[in-house]
Every structure is written in structure tokens, then in C-alpha cells.
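Student: Let me begin by handing over the structure; questions about it come next.
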Amino acid sequence: MTIRPAHPPDLPMAKGWLNEARLPVADLTPEHMNGFLIATVEGRPVGMIGLEQYGHDGLLRSLFVESGARGQGFARQLVLALEQRAEATRVAEVWLLTIDADRFFSKLGYSVVERSAAPESIRSTVEFSKLCPGDAVLMSKRL
């Protein structure tokens with residue numbers, strides 16, 4: 001597997017994957033693709049992950065791996081690559097919202113946090129304030 005930066009032409013593929021996974025797409029624009037990474041196997045895209053940066057805070061969003069490529073460690077590698085990219089751009093803490101992946105992210109060092117503890121930069125995102133349901137679990141990790 002290799003990981004490459006996403007580009008605006010990857011948006012239709014990204015939206016298709018996110019729709020398949022029932023993840024938010026309403027606010028996703030071509031510009032968002034600049035913060036995404038794509039996992040490929042022999043040149044074929046199999047997964048992605050995105051980061052929105054807000055100063056020293058980052059919002060991890062849209063981790064997805066195709067069903068046929070799951071169980072091979074691609075999701076973990078995508079998260080680690082995103083964290084390295086975040087550190088390189090001076091992100092100090094990564095935040096995420098999840099409905100069903102909290103156990104996975106806990107294994108990678110993320111901790112559950114009360115929604116009220118999120119910094120304003122994260123609370124004011126469309127994903128936090130409008131797209132994710134109120135029962136989504138908020139998690140964070142200091143880099």
C-alpha cells in the first residue's frame with residue numbers, strides 16, 4: 001500500500017465512498033481534498049482519510065477503507081500518516097467525532113472527551129455543529 005495526497009478530482013470518489021459509509025458529505029468541496037490522503041494498492045484507491053486544520057487543532061474526518069481491503073491495517077496506516085502530516089503543519093491536537101469507531105481510535109491513543117470540552121475552533125465546524133449527530137463520540141489525541 002502507498003499513501004498519496006488527494007486532489008480536487010478525487011472528490012467524486014470521496015463522496016461516493018462517504019455516502020456508502022453513511023458519513024457526512026454535505027460540506028465537502030474540492031478544496032477539502034487538499035487535506036485528504038488516499039491509500040492505494042497497485043495504483044488502485046482503496047481508502048482515504050481527511051484532516052481539516054484550524055490553527056493548532058485538527059479535525060480528523062472521513063476515514064474510509066473499501067470493504068475488500070479491510071483487515072489489512074490500511075486504516076491504521078492512514079491514521080498514522082494523517083498524524084504525521086498534522087504534526088508537520090504544527091497541529092498539536094487531533095479531534096474526531098465517531099458513531100461506531102471509538103474502540104478502533106482508542107487503540108491508537110485517542111481518548112473520549114466531553115463535547116463541551118472541544119475548543120471553539122472544532123465546535124464551530126459544520127461537521128461538529130450540524131452534520132454529526134449529538135450522540136457522536138468526541139475523541140482527541142495530543143500529538
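Chain labels A, B, ... are given in the sequence in which chains occur in the C-alpha cells; within each chain residues are numbered consecutively from 1, and ligands are likewise numbered from 1 in the order shown.
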Tell me, which residues of region 58-141 of chain A carry DSSP alpha helix (DSSP H), written as a list in words?
Tutor: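 Listing alpha helix (DSSP H) positions across region 58-141 of chain A yields Phe74, Ala75, Arg76, Gln77, Leu78, Val79, Leu80, Ala81, Leu82, Glu83, Gln84, Arg85, Ala86, Glu87, Ala88, Asp102, Arg103, Phe104, Phe105, Ser106, Lys107, Glu120, Ser121, Ile122, Arg123 and Val126 of chain A.
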Student: For the structure I just gave you, how does DSSP split chain A - specifically, which residues are strand (DSSP E)? Reply as a VMD selection string.
Tutor: chain A and resid 2 to 5 36 to 41 44 to 54 57 to 65 93 to 98 111 to 113 137 to 142
Student: Could you work out how far CA of Val94 (chain A) lies from CA of Leu11 (chain A), giving the answer in Å with one decimal?
Tutor: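 It comes out at 22.8 Å.
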Student: Write out as a Markdown table the residues of region 48-135 of chain A that have any atom within 9 Å of an atom of region 36-42 of chain A, one row each with the nearest atom pair and its distance in Å to one decimal, counting only C-alpha atoms, sorted by chain and then rising number.
Tutor:
| residue | atom | partner | partner_atom | distance |
| --- | --- | --- | --- | --- |
| A:Met48 | CA | A:Ile38 | CA | 4.4 |
| A:Ile49 | CA | A:Leu37 | CA | 5.4 |
| A:Gly50 | CA | A:Phe36 | CA | 4.0 |
| A:Leu51 | CA | A:Phe36 | CA | 6.1 |
| A:Glu52 | CA | A:Phe36 | CA | 8.6 |
| A:Arg61 | CA | A:Phe36 | CA | 8.9 |
| A:Ser62 | CA | A:Phe36 | CA | 8.9 |
| A:Val65 | CA | A:Ala39 | CA | 8.4 |
| A:Phe74 | CA | A:Ala39 | CA | 7.4 |
| A:Ala75 | CA | A:Ala39 | CA | 8.9 |
| A:Gln77 | CA | A:Ala39 | CA | 8.8 |
| A:Leu78 | CA | A:Ala39 | CA | 7.1 |
| A:Ala81 | CA | A:Leu37 | CA | 8.1 |
| A:Leu82 | CA | A:Leu37 | CA | 7.4 |
Student: So, with only C-alpha atoms as the atoms that count, which of A:Thr2, A:Asn19, A:Gln53, A:Ser106 lies closest to Ser121 (chain A)?
Tutor: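 Going through A:Thr2, A:Asn19, A:Gln53, A:Ser106 one by one, the smallest distance to Ser121 (chain A) is for A:Gln53.
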Student: Which residues, written as an MDAnalysis selection string, have at least one atom at most 9 Å from region 111-120 of chain A, with only C-alpha atoms counted and residues fewer than 2 positions away on the same chain left out?
Tutor: chainID A and resid 57 95 102 105:106 109 122:125 134 137:141
Student: Go through A:Pro24, A:Gly68, A:Gly16, A:Gly55 and flag the residue nearest Ile99 (chain A), using only C-alpha atoms for the distances.
Tutor: A:Pro24
Student: Just give me the gap between CA of Arg90 (chain A) and CA of Cys132 (chain A) in Å, one decimal is fine.
Tutor: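 Interatomic distance here is 25.9 Å.
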Student: Between A:Ser129, A:Pro8, A:Arg76, A:Leu60, which has the minimum distance to Lys107 (chain A) (counting only C-alpha atoms)?
Tutor: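 Residue with the minimum atom-to-atom distance to Lys107 (chain A): A:Arg76.
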